Each structure stands twice: as structure tokens, then as C-alpha cells.
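Shown next: target_21.pdb, given as PDB, C-alpha atoms and all ligand atoms.
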MODEL        1
ATOM      1  CA  MET A   7     -47.511  37.588 -40.123  1.00  0.00           C
ATOM      2  CA  THR A   8     -47.877  37.656 -43.928  1.00  0.00           C
ATOM      3  CA  GLY A   9     -51.631  37.280 -43.393  1.00  0.00           C
ATOM      4  CA  ASP A  10     -51.709  40.995 -42.589  1.00  0.00           C
ATOM      5  CA  TYR A  11     -50.604  42.032 -46.090  1.00  0.00           C
ATOM      6  CA  SER A  12     -52.176  41.872 -49.528  1.00  0.00           C
ATOM      7  CA  ILE A  13     -50.714  39.508 -52.108  1.00  0.00           C
ATOM      8  CA  ILE A  14     -49.768  42.547 -54.207  1.00  0.00           C
ATOM      9  CA  THR A  15     -47.787  44.016 -51.308  1.00  0.00           C
ATOM     10  CA  ILE A  16     -46.002  40.708 -50.736  1.00  0.00           C
ATOM     11  CA  LYS A  17     -45.167  40.369 -54.445  1.00  0.00           C
ATOM     12  CA  ARG A  18     -43.835  43.930 -54.586  1.00  0.00           C
ATOM     13  CA  LEU A  19     -41.634  43.402 -51.532  1.00  0.00           C
ATOM     14  CA  PHE A  20     -40.119  40.155 -52.776  1.00  0.00           C
ATOM     15  CA  THR A  21     -39.649  41.441 -56.334  1.00  0.00           C
ATOM     16  CA  LEU A  22     -38.068  44.742 -55.333  1.00  0.00           C
ATOM     17  CA  SER A  23     -35.800  43.069 -52.778  1.00  0.00           C
ATOM     18  CA  GLY A  24     -33.662  41.547 -55.535  1.00  0.00           C
ATOM     19  CA  ASN A  25     -33.914  38.430 -53.353  1.00  0.00           C
ATOM     20  CA  VAL A  26     -31.547  39.805 -50.717  1.00  0.00           C
ATOM     21  CA  CYS A  27     -32.033  41.075 -47.166  1.00  0.00           C
ATOM     22  CA  ALA A  28     -32.413  44.873 -46.973  1.00  0.00           C
ATOM     23  CA  PHE A  29     -29.872  45.160 -44.141  1.00  0.00           C
ATOM     24  CA  PRO A  30     -26.668  46.823 -45.427  1.00  0.00           C
ATOM     25  CA  ASN A  31     -24.055  44.319 -46.615  1.00  0.00           C
ATOM     26  CA  CYS A  32     -26.250  41.307 -45.827  1.00  0.00           C
ATOM     27  CA  ASN A  33     -26.550  38.994 -48.822  1.00  0.00           C
ATOM     28  CA  THR A  34     -28.928  36.437 -47.346  1.00  0.00           C
ATOM     29  CA  ASP A  35     -31.410  35.141 -49.937  1.00  0.00           C
ATOM     30  CA  MET A  36     -35.029  36.046 -49.226  1.00  0.00           C
ATOM     31  CA  ILE A  37     -36.161  32.886 -51.006  1.00  0.00           C
ATOM     32  CA  GLY A  38     -33.653  30.125 -50.387  1.00  0.00           C
ATOM     33  CA  GLU A  39     -33.006  26.633 -51.674  1.00  0.00           C
ATOM     34  CA  ASN A  40     -36.098  24.600 -52.554  1.00  0.00           C
ATOM     35  CA  PHE A  41     -38.061  27.885 -52.577  1.00  0.00           C
ATOM     36  CA  ILE A  42     -38.136  28.127 -48.802  1.00  0.00           C
ATOM     37  CA  ILE A  43     -39.201  31.644 -47.831  1.00  0.00           C
ATOM     38  CA  VAL A  44     -36.500  33.092 -45.593  1.00  0.00           C
ATOM     39  CA  GLY A  45     -37.398  36.790 -45.811  1.00  0.00           C
ATOM     40  CA  GLN A  46     -39.604  38.279 -43.128  1.00  0.00           C
ATOM     41  CA  ILE A  47     -41.794  41.317 -43.677  1.00  0.00           C
ATOM     42  CA  CYS A  48     -40.880  43.932 -41.074  1.00  0.00           C
ATOM     43  CA  HIS A  49     -42.036  47.449 -40.297  1.00  0.00           C
ATOM     44  CA  ILE A  50     -39.457  50.206 -40.767  1.00  0.00           C
ATOM     45  CA  GLU A  51     -41.269  52.119 -38.036  1.00  0.00           C
ATOM     46  CA  GLU A  52     -42.611  49.707 -35.437  1.00  0.00           C
ATOM     47  CA  LYS A  53     -45.141  49.374 -32.643  1.00  0.00           C
ATOM     48  CA  GLU A  54     -45.017  51.196 -29.311  1.00  0.00           C
ATOM     49  CA  THR A  55     -42.741  48.633 -27.725  1.00  0.00           C
ATOM     50  CA  SER A  56     -40.023  49.227 -30.328  1.00  0.00           C
ATOM     51  CA  ALA A  57     -37.178  51.725 -30.532  1.00  0.00           C
ATOM     52  CA  ARG A  58     -38.456  52.392 -34.067  1.00  0.00           C
ATOM     53  CA  PHE A  59     -41.867  53.577 -32.828  1.00  0.00           C
ATOM     54  CA  ASN A  60     -43.322  56.715 -34.449  1.00  0.00           C
ATOM     55  CA  SER A  61     -46.444  57.983 -32.662  1.00  0.00           C
ATOM     56  CA  ASN A  62     -47.402  60.056 -35.727  1.00  0.00           C
ATOM     57  CA  ARG A  63     -48.204  56.958 -37.765  1.00  0.00           C
ATOM     58  CA  THR A  64     -51.579  55.260 -37.563  1.00  0.00           C
ATOM     59  CA  GLU A  65     -51.795  51.470 -37.448  1.00  0.00           C
ATOM     60  CA  GLY A  66     -52.927  51.468 -41.091  1.00  0.00           C
ATOM     61  CA  GLN A  67     -49.942  53.536 -42.181  1.00  0.00           C
ATOM     62  CA  ARG A  68     -47.675  51.236 -40.218  1.00  0.00           C
ATOM     63  CA  SER A  69     -48.788  48.306 -42.384  1.00  0.00           C
ATOM     64  CA  SER A  70     -48.605  50.211 -45.687  1.00  0.00           C
ATOM     65  CA  PHE A  71     -46.098  49.298 -48.371  1.00  0.00           C
ATOM     66  CA  ASP A  72     -43.840  52.313 -47.804  1.00  0.00           C
ATOM     67  CA  ASN A  73     -43.261  51.257 -44.203  1.00  0.00           C
ATOM     68  CA  LEU A  74     -42.353  47.662 -45.021  1.00  0.00           C
ATOM     69  CA  ILE A  75     -39.013  46.018 -45.568  1.00  0.00           C
ATOM     70  CA  LEU A  76     -37.790  42.460 -46.117  1.00  0.00           C
ATOM     71  CA  LEU A  77     -35.181  41.208 -43.683  1.00  0.00           C
ATOM     72  CA  CYS A  78     -33.511  37.898 -42.916  1.00  0.00           C
ATOM     73  CA  PRO A  79     -34.159  36.251 -39.512  1.00  0.00           C
ATOM     74  CA  THR A  80     -30.876  37.654 -38.183  1.00  0.00           C
ATOM     75  CA  HIS A  81     -31.761  41.267 -38.965  1.00  0.00           C
ATOM     76  CA  ARG A  82     -35.512  41.342 -38.401  1.00  0.00           C
TER      77      ARG A  82
HETATM   78 ZN    ZN B 101     -29.887  40.161 -43.144  1.00  0.00          ZN
ENDMDL
END
Whole structure given in C-alpha cells:
Amino acid sequence: MTGDYSIITIKRLFTLSGNVCAFPNCNTDMIGENFIIVGQICHIEEKETSARFNSNRTEGQRSSFDNLILLCPTHR
């Protein structure tokens, strides 16, 4: 999935995350022991099949930085 995003976007997400999942009160590391990447890049507003779908967003906007969030596997 990370193949869809620029390296700058990925760096921004991981840096601004403070290395924790964005879900409230979840403290799961986004980069865990031995530098294993745990965090998953997710859309705040999702595709048509999701409850978070917003028909006003284009596909390009859906993949833009301001619609992205880092979550742990439990909260993705
Ligand atoms: Zn989480």
C-alpha cells in the first residue's frame, strides 16, 4: 500500500505521528522493535465501500497528505 505514496508523504506521516498510533489512547509504536514497521497508512475518508466515504473527494484528494493517518493493525 505504501507504494501509492511519495517518500516525502511517508516521512511526514511517520515523523508527525510521534511513533504512536493516531487512534485515541492507543500507544502502539508505529515502528517497533528491530525497526519493524507496524504503522499502516490509512485514509481518514475512505473508498465507496467504507462508512468513511465522502463522494465530494476525488481519488487524488483521497490519497493526499491531509487525508492520511497512521494506525496500528488493530485500528486500521
Ligand atoms: Zn492503535
Grab me every residue within 7 Å of ligand ZN 101 (chain B), counting all atoms listed in the file, and send it over as a JSON list (two decimals) with C-alpha atoms, in the frame of the given file.
[["chain", "number", "residue", "atom", "x", "y", "z"],
["A", 27, "CYS", "CA", -32.03, 41.08, -47.17],
["A", 28, "ALA", "CA", -32.41, 44.87, -46.97],
["A", 29, "PHE", "CA", -29.87, 45.16, -44.14],
["A", 32, "CYS", "CA", -26.25, 41.31, -45.83],
["A", 33, "ASN", "CA", -26.55, 38.99, -48.82],
["A", 34, "THR", "CA", -28.93, 36.44, -47.35],
["A", 77, "LEU", "CA", -35.18, 41.21, -43.68],
["A", 78, "CYS", "CA", -33.51, 37.90, -42.92],
["A", 79, "PRO", "CA", -34.16, 36.25, -39.51],
["A", 80, "THR", "CA", -30.88, 37.65, -38.18],
["A", 81, "HIS", "CA", -31.76, 41.27, -38.97]]
Run the PyMOL selection byres (((chain A and resi 37) around 12) and not hetatm) mentally over the shown coordinates, then write out the matched residues as a list in words, using the chain letters and numbers from the document.
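What the PyMOL selection byres (((chain A and resi 37) around 12) and not hetatm) grabs from the file is Leu19, Phe20, Thr21, Ser23, Gly24, Asn25, Val26, Cys27, Asn33, Thr34, Asp35, Met36, Gly38, Glu39, Asn40, Phe41, Ile42, Ile43, Val44, Gly45, Gln46, Leu76, Leu77 and Cys78 of chain A.
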- Task: Write out as a ChimeraX atom specification which residues come within 9 Å of Glu51 of chain A when counting only C-alpha atoms, dropping same-chain ones fewer than 3 positions away.
- Result: /A:48,56-60,63,68,73-74
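The space separating atom CA of His49 of chain A from atom CA of Ser69 of chain A comes to 7.1 Å.
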The distance between atom CA of Ile75 of chain A and atom CA of Ile47 of chain A is 5.8 Å
